[in-house]
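Only one structure is covered here, and it is reproduced in the block below.
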Amino acid sequence: MVVVMNPGAPQAQLDAVVARIESAGAQAFVSRGLARTIIGVIGEPSLRTELNLSGMPGVSTVLQVSAPYKLVSSQAQAERSTVWVGPEGRAVPIGPGTFTLVAGPCAVESALQTLGAARLAAGAGATLLRGGAYKPRTSPLSFQGMGEDALKILADVREATGLYVVSEVIDPADVDLVASYADMILIGATNMQNFALLDSVGRRGKPVMLKRGMQATVDEWLLAAEYVAQRGNCQIVLCERGIRTFETATKATLDLSAIPLVQRLSHLPVVVDPTHCAGRRDLIVPLARAAIAAGADGLLVDVHPDPENALVDGPQALAGAELRELASAVRQLPPLMGRLPAQPCGQMASQTLS
Ligand code: PEP
Ligand code: MN
């Protein structure tokens, strides 16, 4: 952190700033220029807010030099992390060198629908099954999910297909319940800054996928991840799912630059959800290809055996020709990026898509 003093700030003001920095156990390095004096501060990133230096007399600006987050930063760990999902010894990796497809229905609607979607997902190369039991819907009149019944269905489908389960939690009170059925907890875009939820998921210690909020900057997203990491859970996968811009032709604008950027700023894996940004089936495969080429560690995609009759997000669920195209992109492109497909595990009852 660098503190820039006002031109001509008196010595007493400079001394007071230095005293406050040193009283917090940090080091202050004073550098006098012709017009201004600056103070270099060495200490924890949290000092920036704790010391409240910008409010002190004589202080012009306080500049942050290091990243505002710590545990998730690439400064904390140079090599990129791999997050393992599933039971020890048989878990699926998400991280560098591999490519992981997470696919499944937006919402669990029935056992048959979920099994059908899981088979389609496995056939497309997925090793993880997504499926919503608790749906954060814009309208209270829309389908809200089947709750614990859905979690039971997901657990049965895991038995039948070998696909490990990723499911969203929207209420801190449900974290233990969801974690008792799912192999990975999803925090959706609408809850990225639900701090009570981040706290609860951080303490639970299950792998977590943290979606970027629709209005969140990259720093805000990484700070949300820092909440989870700070509570002792570093098994975090970030998910870029598009941000709200002036463009209304798609549901959200996929921020492709966030993929390589976040991989430089943080050691955490980054996957991309092309489904919820496109909002329309015909754009999903092109966006998926772009995400793979930009270096994503995996994809999260909605599939449905009968999109026409889906209770949630039918128009953006893949099936048929588009799913076959996705399967071929997921088979062919990651090797060009030096990635092996994350190995399917268990006894997969899959439909072949080629
Ligand atoms: C979802 O993945 O089911 C979902 C609701 O997406 P998002 O949180 O990105 O809007
Ligand atoms: Mn959806």
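By convention here, the chains of the structure tokens are called A, B, ... in the order presented, each chain's residues are numbered starting at 1, and ligands are numbered starting at 1 in the order presented.
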
Open item on the list: Give me, as a PyMOL selection string, all polymer residues having an atom no more than 12 Å from region 39-53 of chain A, counting only C-alpha atoms and skipping those fewer than 4 positions away in the same chain.
Closed with: chain A and resi 1-6+13-33+57-71+73+223

- [ ] Please extract the residues at most 7 Å from ligand 1, counting only C-alpha atoms and all ligand atoms, and provide them as a count of residues only, using the chain letters and residue numbers of this document.
- [x] 10

Open item on the list: Neighbours of ligand 2 at 12 Å or closer, counting only C-alpha atoms and all ligand atoms: which residues, as a PyMOL selection string?
Closed with: chain A and resi 103-108+130-137+143+145+167-168+188-189+241+251+273-281+300-304+307+310-318

Open item on the list: Give me, as a ChimeraX atom specification, the residues of region 108-317 of chain A that a backbone DSSP run labels alpha helix (DSSP H).
Closed with: /A:111-123,148-161,175-181,195-204,218-230,258-265,275-278,284-293

Task: Within 8 Å of Ala224 (chain A) using only C-alpha atoms, minus same-chain residues under 5 positions, as number ranges by chain - done: A: 192-193, 195, 198

I'd like the contact shell of Ser200 (chain A) - 9 Å cut-off, only C-alpha atoms, skipping same-chain residues fewer than 4 positions apart - returned as a PDB file with N, CA and C atoms, in the first residue's frame.
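Contents of result_15.pdb, as written:
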ATOM      1  N   PRO A 172     -28.199 -20.563   3.841  1.00  0.00           N
ATOM      2  CA  PRO A 172     -27.171 -21.119   4.741  1.00  0.00           C
ATOM      3  C   PRO A 172     -27.706 -22.283   5.576  1.00  0.00           C
ATOM      4  N   ALA A 173     -29.021 -22.256   5.887  1.00  0.00           N
ATOM      5  CA  ALA A 173     -29.597 -23.312   6.720  1.00  0.00           C
ATOM      6  C   ALA A 173     -29.627 -24.659   5.999  1.00  0.00           C
ATOM      7  N   VAL A 175     -27.122 -25.778   3.932  1.00  0.00           N
ATOM      8  CA  VAL A 175     -25.784 -26.191   3.486  1.00  0.00           C
ATOM      9  C   VAL A 175     -25.476 -27.623   3.926  1.00  0.00           C
ATOM     10  N   ASP A 176     -25.764 -27.962   5.174  1.00  0.00           N
ATOM     11  CA  ASP A 176     -25.451 -29.319   5.646  1.00  0.00           C
ATOM     12  C   ASP A 176     -26.264 -30.366   4.885  1.00  0.00           C
ATOM     13  N   PHE A 195     -23.041 -13.259   1.997  1.00  0.00           N
ATOM     14  CA  PHE A 195     -21.888 -13.525   2.865  1.00  0.00           C
ATOM     15  C   PHE A 195     -22.175 -14.604   3.908  1.00  0.00           C
ATOM     16  N   ALA A 196     -23.428 -14.704   4.353  1.00  0.00           N
ATOM     17  CA  ALA A 196     -23.769 -15.758   5.313  1.00  0.00           C
ATOM     18  C   ALA A 196     -23.620 -17.128   4.642  1.00  0.00           C
ATOM     19  N   ARG A 204     -18.126 -25.663   5.928  1.00  0.00           N
ATOM     20  CA  ARG A 204     -18.559 -27.040   5.672  1.00  0.00           C
ATOM     21  C   ARG A 204     -17.439 -27.883   5.059  1.00  0.00           C
ATOM     22  N   VAL A 228     -14.695 -17.764   1.409  1.00  0.00           N
ATOM     23  CA  VAL A 228     -14.789 -19.226   1.563  1.00  0.00           C
ATOM     24  C   VAL A 228     -13.428 -19.769   2.017  1.00  0.00           C
ATOM     25  N   ARG A 231     -12.351 -19.272   5.628  1.00  0.00           N
ATOM     26  CA  ARG A 231     -12.998 -20.143   6.618  1.00  0.00           C
ATOM     27  C   ARG A 231     -12.471 -21.566   6.547  1.00  0.00           C
TER      28      ARG A 231
END

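Proximity ranking of A:Thr82, A:Thr138, A:Gln235, A:Ser74 relative to Met184 (chain A) places A:Gln235 first, based on only C-alpha atoms.
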
Open item on the list: I'd like the interatomic distance between CA of Pro207 (chain A) and CA of Ile236 (chain A), to a tenth of an Å.
Closed with: 6.0 Å

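Taking CA of Val285 (chain A) as the reference point, CA of Ser142 (chain A) is found at 27.2 Å.
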
TODO: Enumerate as a ChimeraX atom specification all residues of region 1-233 of chain A assigned to strand (DSSP E) by DSSP on the backbone, naming them with the chain letters and numbers the document uses.
DONE: /A:2-5,27-32,37-42,59-63,83-85,92-94,98-104,128-130,164-168,184-187,208-211

Task: Who sits within 9 Å of Leu323 (chain A), only C-alpha atoms, same chain under 2 positions skipped, as a PyMOL selection string - done: chain A and resi 120-121+124+285+303+318-321+325-328+353

If you keep N, CA and C atoms, can you produce a file of those selected residues as a tab-separated table (two decimals), in the first residue's frame?
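So part_35.tsv came out as:
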chain	number	residue	atom	x	y	z
A	120	LEU	N	-27.51	-38.48	-21.02
A	120	LEU	CA	-27.09	-37.58	-22.10
A	120	LEU	C	-25.77	-36.90	-21.74
A	121	ALA	N	-25.67	-36.46	-20.47
A	121	ALA	CA	-24.46	-35.78	-20.01
A	121	ALA	C	-23.25	-36.70	-20.11
A	124	ALA	N	-22.00	-37.23	-23.51
A	124	ALA	CA	-21.28	-36.07	-24.06
A	124	ALA	C	-19.90	-35.92	-23.42
A	285	VAL	N	-22.79	-23.86	-28.10
A	285	VAL	CA	-21.59	-24.57	-28.59
A	285	VAL	C	-20.51	-23.58	-29.04
A	303	VAL	N	-28.40	-29.74	-19.72
A	303	VAL	CA	-28.94	-30.67	-20.72
A	303	VAL	C	-30.28	-31.18	-20.20
A	318	LEU	N	-29.46	-28.19	-23.73
A	318	LEU	CA	-29.00	-28.93	-24.91
A	318	LEU	C	-29.60	-30.33	-24.96
A	319	ALA	N	-29.85	-30.77	-26.19
A	319	ALA	CA	-30.30	-32.13	-26.47
A	319	ALA	C	-30.03	-32.32	-27.96
A	320	GLY	N	-30.10	-33.52	-28.45
A	320	GLY	CA	-30.01	-33.77	-29.88
A	320	GLY	C	-28.75	-33.23	-30.55
A	321	ALA	N	-28.95	-32.58	-31.70
A	321	ALA	CA	-27.81	-32.18	-32.54
A	321	ALA	C	-26.83	-31.27	-31.81
A	325	GLU	N	-22.86	-31.84	-30.99
A	325	GLU	CA	-21.80	-30.88	-31.34
A	325	GLU	C	-20.95	-30.52	-30.14
A	326	LEU	N	-21.62	-30.36	-28.99
A	326	LEU	CA	-20.86	-30.06	-27.76
A	326	LEU	C	-19.93	-31.23	-27.44
A	327	ALA	N	-20.46	-32.45	-27.56
A	327	ALA	CA	-19.66	-33.64	-27.26
A	327	ALA	C	-18.42	-33.67	-28.13
A	328	SER	N	-18.59	-33.32	-29.40
A	328	SER	CA	-17.41	-33.40	-30.27
A	328	SER	C	-16.43	-32.28	-29.95
A	353	LEU	N	-22.65	-40.61	-28.09
A	353	LEU	CA	-22.95	-39.49	-28.96
A	353	LEU	C	-21.75	-39.26	-29.85

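Among the candidates A:Ile187, A:Val157, A:Ala179, A:Ala258, the one nearest to Val218 (chain A) when counting only C-alpha atoms is A:Ala258.
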
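In this comparison, which uses only C-alpha atoms, the residue of A:Ser81, A:Gly123, A:Val237, A:Gly55 approaching Arg324 (chain A) most closely is A:Gly123.
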